[in-house]
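Student: My questions will all concern the structure given below.
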Amino acid sequence: MKILNIGSCNIDYVYSLNHIVTGGETEKSKRLDIFPGGKGLNQSVAAARAGAKVYHAAIVGSDGDFLLKTLKENGVDISLTEKVKDKNGHAVIQVNSEGENAIIVYPGTNHGITKEYIDKILLNFNAGDLLVLQNEVNELEYIVHKAYKQKLKVILNPSPICENLYNIKLSEIAYLIMNENEAKKLLKGNSIADCLQKAKKELPDTAIVITLGKKGAVYIDNKKQVYQNAFAVKTIDTTAAGDTFTGYFVAGLFCRKPIKEILKQASAAAAIAVSKSGASSSIPAMEEVLSLMPQMEECKNNYDIKSAEQLKVITDFINENLKQASLKQLAQKLNYSYNSAGVLVKRITGKSFTEYLQTKRLEKALFLLKETSLPVLEISNSVGYENNSFFCRKFKEKYNITPKQYRLRHKA
Ligand code: RIB
């Protein structure tokens, strides 16, 4: 198995400030550091430091020699990279005294990828090889589809989230690795449990990994769900923590380690990266991770793994009882008090019981309008609405179209 990363290489200009500057403000930076960075480069360095053999493909500008040097010094194969005369991509990173950051990325040569270049480099890889991608290079849709056709296992870190990601067929991705906000945006979920449930249903062949900061990380595929606590460290700079996690995860797959072990090592490596400043410079080697891990404390503030299962129970119950589902019956099923059941539904779905019930009723109505020729009145009754005009109003509010218009449009 080989690992190819078609990934960004950035020159990171890191400004250390008391607080992150927002609109209309000016503040003097305490220092300026220039580091090699870019999500692609950081992930290749992380995977290499974790013990994997990585091929990095990128278009690097005339000012980007030190980026290639960094990759090479870390044992990454750079024979597939190309140099051009244009300006390299760079990032302007503000880091505040709590170690939080705000990043502006200028793509530069990272957006100079052509279809010819992709076709050429993919010739060096075969079915079963791993392809690592982030959303800082152009032609992502083409790369994903081509690699999928070639039976490579595509690992996508959909960061930063931008419109172009919605054109990608997520079912062509073998592993999606992202943080909480990215997961909610990409999978259109209200909560993590909701995202996991959606992923399980809509992307049965894609393994999902969601990093939850201090609440740990969760992995789900069609057979299992695995949870890992975060490790507690003093935060200096969070830049590249996610990249460290991804690189270590990829290396773990490469070394065919069990998911539990991969998550643990990736989480420890990310925590160590957070305790140092810079992007690629903060990524630890596997030896450091293994020697520090036994002394590192796991955070107590965990993600409740039960939530995903509870969401399933709630959703199944509502779907099976669309016409007359009540919070009282749900509470009995869960063995909760009426009030606790209401709080649970709100926490897990992001909606009150009634709102969630409405959502599921309207989703079912949408499905029936599309897939059957039942009259609208019959559909509204069958999903639990006694008043048809109330149903039509709610449907329009949610989908911005009336049930009749929706059916007509669908037929056309
Ligand atoms: O994930 C961190 C990276 O994001 C930085 O190195 C910066 O270059 C931006 O791409």
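Following the order of the structure tokens, first chain is A, next is B, and so on, with residues numbered from 1 inside each chain and ligands from 1 in the order they appear.
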What do you get as a PDB file with N, CA and C atoms, in the first residue's frame if you pick all residues at most 7 Å from ligand 1, counting only C-alpha atoms and all ligand atoms?

Tutor:
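Listed below is the output, result-v8.pdb:
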```pdb
ATOM      1  N   ASN A  10       1.823  25.781   2.181  1.00  0.00           N
ATOM      2  CA  ASN A  10       1.710  27.227   2.418  1.00  0.00           C
ATOM      3  C   ASN A  10       2.906  27.767   3.180  1.00  0.00           C
ATOM      4  N   ILE A  11       3.164  29.044   2.934  1.00  0.00           N
ATOM      5  CA  ILE A  11       4.102  29.768   3.813  1.00  0.00           C
ATOM      6  C   ILE A  11       3.211  30.394   4.879  1.00  0.00           C
ATOM      7  N   ASP A  12       3.413  30.002   6.138  1.00  0.00           N
ATOM      8  CA  ASP A  12       2.569  30.520   7.220  1.00  0.00           C
ATOM      9  C   ASP A  12       3.228  31.730   7.885  1.00  0.00           C
ATOM     10  N   GLY A  37       3.846  25.455   6.250  1.00  0.00           N
ATOM     11  CA  GLY A  37       2.506  25.013   6.645  1.00  0.00           C
ATOM     12  C   GLY A  37       1.678  24.623   5.439  1.00  0.00           C
ATOM     13  N   GLY A  38       0.382  24.772   5.598  1.00  0.00           N
ATOM     14  CA  GLY A  38      -0.558  24.280   4.576  1.00  0.00           C
ATOM     15  C   GLY A  38      -1.071  22.955   5.087  1.00  0.00           C
ATOM     16  N   LYS A  39      -2.373  22.745   4.957  1.00  0.00           N
ATOM     17  CA  LYS A  39      -2.942  21.510   5.505  1.00  0.00           C
ATOM     18  C   LYS A  39      -2.309  20.277   4.862  1.00  0.00           C
ATOM     19  N   ASN A  42       1.310  19.831   6.213  1.00  0.00           N
ATOM     20  CA  ASN A  42       1.266  19.408   7.626  1.00  0.00           C
ATOM     21  C   ASN A  42       0.849  17.937   7.744  1.00  0.00           C
ATOM     22  N   HIS A  90       0.011  31.146   0.633  1.00  0.00           N
ATOM     23  CA  HIS A  90       0.452  31.481   1.990  1.00  0.00           C
ATOM     24  C   HIS A  90      -0.746  31.646   2.923  1.00  0.00           C
ATOM     25  N   ALA A  91      -0.463  31.662   4.213  1.00  0.00           N
ATOM     26  CA  ALA A  91      -1.534  31.858   5.199  1.00  0.00           C
ATOM     27  C   ALA A  91      -1.117  32.946   6.166  1.00  0.00           C
ATOM     28  N   ILE A 103      -7.404  32.278  10.559  1.00  0.00           N
ATOM     29  CA  ILE A 103      -6.497  32.081   9.416  1.00  0.00           C
ATOM     30  C   ILE A 103      -7.089  32.627   8.129  1.00  0.00           C
ATOM     31  N   VAL A 105      -6.273  32.250   4.097  1.00  0.00           N
ATOM     32  CA  VAL A 105      -5.418  31.480   3.184  1.00  0.00           C
ATOM     33  C   VAL A 105      -5.468  32.093   1.793  1.00  0.00           C
ATOM     34  N   THR A 239      -2.935  25.674  15.934  1.00  0.00           N
ATOM     35  CA  THR A 239      -2.704  25.502  14.491  1.00  0.00           C
ATOM     36  C   THR A 239      -2.144  24.106  14.202  1.00  0.00           C
ATOM     37  N   ALA A 240      -2.706  23.459  13.207  1.00  0.00           N
ATOM     38  CA  ALA A 240      -2.257  22.143  12.728  1.00  0.00           C
ATOM     39  C   ALA A 240      -2.583  20.976  13.657  1.00  0.00           C
ATOM     40  N   GLY A 242      -5.514  19.611  13.985  1.00  0.00           N
ATOM     41  CA  GLY A 242      -6.352  18.748  13.142  1.00  0.00           C
ATOM     42  C   GLY A 242      -5.514  18.026  12.095  1.00  0.00           C
ATOM     43  N   ASP A 243      -4.531  18.724  11.547  1.00  0.00           N
ATOM     44  CA  ASP A 243      -3.671  18.102  10.522  1.00  0.00           C
ATOM     45  C   ASP A 243      -2.836  16.974  11.142  1.00  0.00           C
ATOM     46  N   ALA A 279       2.929  25.342  12.811  1.00  0.00           N
ATOM     47  CA  ALA A 279       2.127  24.302  12.161  1.00  0.00           C
ATOM     48  C   ALA A 279       2.954  23.020  12.095  1.00  0.00           C
ATOM     49  N   SER A 280       3.665  22.798  10.962  1.00  0.00           N
ATOM     50  CA  SER A 280       4.390  21.527  10.833  1.00  0.00           C
ATOM     51  C   SER A 280       5.457  21.380  11.919  1.00  0.00           C
TER      52      SER A 280
END
```

Student: I'd like a table as JSON lines: residues in stretch 15-128 of chain A with an atom no more than 7 Å from stretch 250-262 of chain A, each row giving the shortest atom pair and its distance in Å to one decimal, only C-alpha atoms counted, sorted by chain and rising residue number.

Tutor:
```
{"residue": "A:Ala47", "atom": "CA", "partner": "A:Ala251", "partner_atom": "CA", "distance": 5.0}
{"residue": "A:Ala50", "atom": "CA", "partner": "A:Ala251", "partner_atom": "CA", "distance": 6.1}
{"residue": "A:Gly51", "atom": "CA", "partner": "A:Ala251", "partner_atom": "CA", "distance": 6.6}
{"residue": "A:Ala52", "atom": "CA", "partner": "A:Ala251", "partner_atom": "CA", "distance": 5.2}
```

Student: Leaving out stretch 124-133 of chain A and any residue of its chain fewer than 5 positions from it, which residues lie within 7 Å of it when counting only C-alpha atoms, given as a VMD selection string?

Tutor: chain A and resid 1 to 7 150 to 157

Student: Include N, CA, C and O atoms and write out the residues we just selected as a PDB file, in the first residue's frame.

Tutor:
```pdb
ATOM      1  N   MET A   1       0.844  -1.204   0.000  1.00  0.00           N
ATOM      2  CA  MET A   1       0.000   0.000   0.000  1.00  0.00           C
ATOM      3  C   MET A   1       0.882   1.258   0.000  1.00  0.00           C
ATOM      4  O   MET A   1       1.889   1.323   0.702  1.00  0.00           O
ATOM      5  N   LYS A   2       0.481   2.254  -0.842  1.00  0.00           N
ATOM      6  CA  LYS A   2       1.237   3.523  -0.863  1.00  0.00           C
ATOM      7  C   LYS A   2       0.305   4.654  -0.416  1.00  0.00           C
ATOM      8  O   LYS A   2      -0.909   4.546  -0.559  1.00  0.00           O
ATOM      9  N   ILE A   3       0.897   5.733   0.085  1.00  0.00           N
ATOM     10  CA  ILE A   3       0.094   6.909   0.444  1.00  0.00           C
ATOM     11  C   ILE A   3       0.476   8.057  -0.486  1.00  0.00           C
ATOM     12  O   ILE A   3       1.658   8.418  -0.595  1.00  0.00           O
ATOM     13  N   LEU A   4      -0.531   8.626  -1.153  1.00  0.00           N
ATOM     14  CA  LEU A   4      -0.310   9.831  -1.945  1.00  0.00           C
ATOM     15  C   LEU A   4      -1.107  10.952  -1.295  1.00  0.00           C
ATOM     16  O   LEU A   4      -2.279  10.789  -0.964  1.00  0.00           O
ATOM     17  N   ASN A   5      -0.469  12.102  -1.114  1.00  0.00           N
ATOM     18  CA  ASN A   5      -1.196  13.280  -0.620  1.00  0.00           C
ATOM     19  C   ASN A   5      -1.108  14.355  -1.702  1.00  0.00           C
ATOM     20  O   ASN A   5      -0.009  14.815  -2.029  1.00  0.00           O
ATOM     21  N   ILE A   6      -2.248  14.693  -2.307  1.00  0.00           N
ATOM     22  CA  ILE A   6      -2.249  15.827  -3.238  1.00  0.00           C
ATOM     23  C   ILE A   6      -2.699  17.001  -2.378  1.00  0.00           C
ATOM     24  O   ILE A   6      -3.902  17.185  -2.134  1.00  0.00           O
ATOM     25  N   GLY A   7      -1.732  17.747  -1.870  1.00  0.00           N
ATOM     26  CA  GLY A   7      -2.101  18.700  -0.817  1.00  0.00           C
ATOM     27  C   GLY A   7      -1.366  20.018  -0.868  1.00  0.00           C
ATOM     28  O   GLY A   7      -0.265  20.141  -1.409  1.00  0.00           O
ATOM     29  N   GLN A 150     -10.279   4.638 -10.020  1.00  0.00           N
ATOM     30  CA  GLN A 150      -9.040   3.853 -10.032  1.00  0.00           C
ATOM     31  C   GLN A 150      -8.940   2.943  -8.793  1.00  0.00           C
ATOM     32  O   GLN A 150      -7.933   2.317  -8.551  1.00  0.00           O
ATOM     33  N   LYS A 151      -9.997   2.986  -7.965  1.00  0.00           N
ATOM     34  CA  LYS A 151     -10.109   2.150  -6.755  1.00  0.00           C
ATOM     35  C   LYS A 151      -9.093   2.504  -5.667  1.00  0.00           C
ATOM     36  O   LYS A 151      -8.686   1.655  -4.864  1.00  0.00           O
ATOM     37  N   LEU A 152      -8.652   3.771  -5.659  1.00  0.00           N
ATOM     38  CA  LEU A 152      -7.829   4.220  -4.538  1.00  0.00           C
ATOM     39  C   LEU A 152      -8.776   4.485  -3.376  1.00  0.00           C
ATOM     40  O   LEU A 152      -9.954   4.774  -3.591  1.00  0.00           O
ATOM     41  N   LYS A 153      -8.269   4.415  -2.147  1.00  0.00           N
ATOM     42  CA  LYS A 153      -9.117   4.745  -0.995  1.00  0.00           C
ATOM     43  C   LYS A 153      -8.914   6.219  -0.703  1.00  0.00           C
ATOM     44  O   LYS A 153      -7.823   6.634  -0.288  1.00  0.00           O
ATOM     45  N   VAL A 154      -9.965   7.005  -0.919  1.00  0.00           N
ATOM     46  CA  VAL A 154      -9.823   8.455  -0.753  1.00  0.00           C
ATOM     47  C   VAL A 154     -10.115   8.864   0.693  1.00  0.00           C
ATOM     48  O   VAL A 154     -11.156   8.520   1.254  1.00  0.00           O
ATOM     49  N   ILE A 155      -9.171   9.608   1.271  1.00  0.00           N
ATOM     50  CA  ILE A 155      -9.342  10.128   2.637  1.00  0.00           C
ATOM     51  C   ILE A 155      -9.475  11.634   2.491  1.00  0.00           C
ATOM     52  O   ILE A 155      -8.529  12.290   2.045  1.00  0.00           O
ATOM     53  N   LEU A 156     -10.623  12.164   2.833  1.00  0.00           N
ATOM     54  CA  LEU A 156     -10.816  13.612   2.654  1.00  0.00           C
ATOM     55  C   LEU A 156     -10.956  14.314   3.997  1.00  0.00           C
ATOM     56  O   LEU A 156     -11.765  13.936   4.830  1.00  0.00           O
ATOM     57  N   ASN A 157     -10.153  15.353   4.164  1.00  0.00           N
ATOM     58  CA  ASN A 157     -10.326  16.272   5.286  1.00  0.00           C
ATOM     59  C   ASN A 157     -10.947  17.537   4.661  1.00  0.00           C
ATOM     60  O   ASN A 157     -10.244  18.324   4.052  1.00  0.00           O
TER      61      ASN A 157
END
```

Student: Please provide the set of residues having any atom within 10 Å of stretch 95-97 of chain A, restricted to only C-alpha atoms, with same-chain residues fewer than 2 positions apart removed, written as a PyMOL selection string.

Tutor: chain A and resi 14-21+29+92-93+99-103+235-239+277-278

Student: Write out as JSON, numbers by chain the residues lying within 12 Å of A:Leu327, counting only C-alpha atoms and excluding same-chain residues fewer than 6 positions away.

Tutor: {"A": [314, 317, 318, 321, 333, 334, 335, 336, 337, 338, 339, 340, 341, 342, 343, 344, 345, 346, 352, 353, 354, 355, 356, 357]}

Student: Enumerate the residues of stretch 121-330 of chain A with a DSSP assignment of strand (DSSP E or B), computed from the backbone, and present them as number ranges by chain.

Tutor: A: 130-134, 153-157, 175-179, 207-211, 217-220, 225-228, 231, 298

Student: Could you save the residues just selected, with C-alpha atoms, as a JSON list (two decimals), in the first residue's frame?

Tutor:
```json
[["chain", "number", "residue", "atom", "x", "y", "z"],
["A", 130, "LEU", "CA", -4.49, 5.71, 0.05],
["A", 131, "LEU", "CA", -5.09, 9.18, -1.36],
["A", 132, "VAL", "CA", -5.15, 12.04, 1.16],
["A", 133, "LEU", "CA", -6.92, 15.30, 0.27],
["A", 134, "GLN", "CA", -7.90, 18.56, 1.93],
["A", 153, "LYS", "CA", -9.12, 4.75, -0.99],
["A", 154, "VAL", "CA", -9.82, 8.45, -0.75],
["A", 155, "ILE", "CA", -9.34, 10.13, 2.64],
["A", 156, "LEU", "CA", -10.82, 13.61, 2.65],
["A", 157, "ASN", "CA", -10.33, 16.27, 5.29],
["A", 175, "TYR", "CA", -12.71, 8.13, 5.09],
["A", 176, "LEU", "CA", -14.02, 11.59, 5.95],
["A", 177, "ILE", "CA", -12.06, 13.26, 8.74],
["A", 178, "MET", "CA", -13.35, 16.57, 10.04],
["A", 179, "ASN", "CA", -14.09, 18.65, 13.10],
["A", 207, "ALA", "CA", -16.06, 5.78, 7.53],
["A", 208, "ILE", "CA", -16.51, 9.05, 9.40],
["A", 209, "VAL", "CA", -14.14, 10.52, 11.95],
["A", 210, "ILE", "CA", -15.21, 13.64, 13.85],
["A", 211, "THR", "CA", -12.75, 15.44, 16.08],
["A", 217, "ALA", "CA", -12.96, 12.10, 18.71],
["A", 218, "VAL", "CA", -15.52, 9.66, 17.40],
["A", 219, "TYR", "CA", -15.24, 7.12, 14.56],
["A", 220, "ILE", "CA", -18.11, 5.36, 12.85],
["A", 225, "GLN", "CA", -18.47, 3.11, 16.49],
["A", 226, "VAL", "CA", -15.33, 3.93, 18.48],
["A", 227, "TYR", "CA", -14.78, 6.85, 20.82],
["A", 228, "GLN", "CA", -11.54, 8.36, 22.12],
["A", 231, "PHE", "CA", -5.73, 14.39, 26.14],
["A", 298, "GLU", "CA", -7.34, 12.12, 29.34]]
```
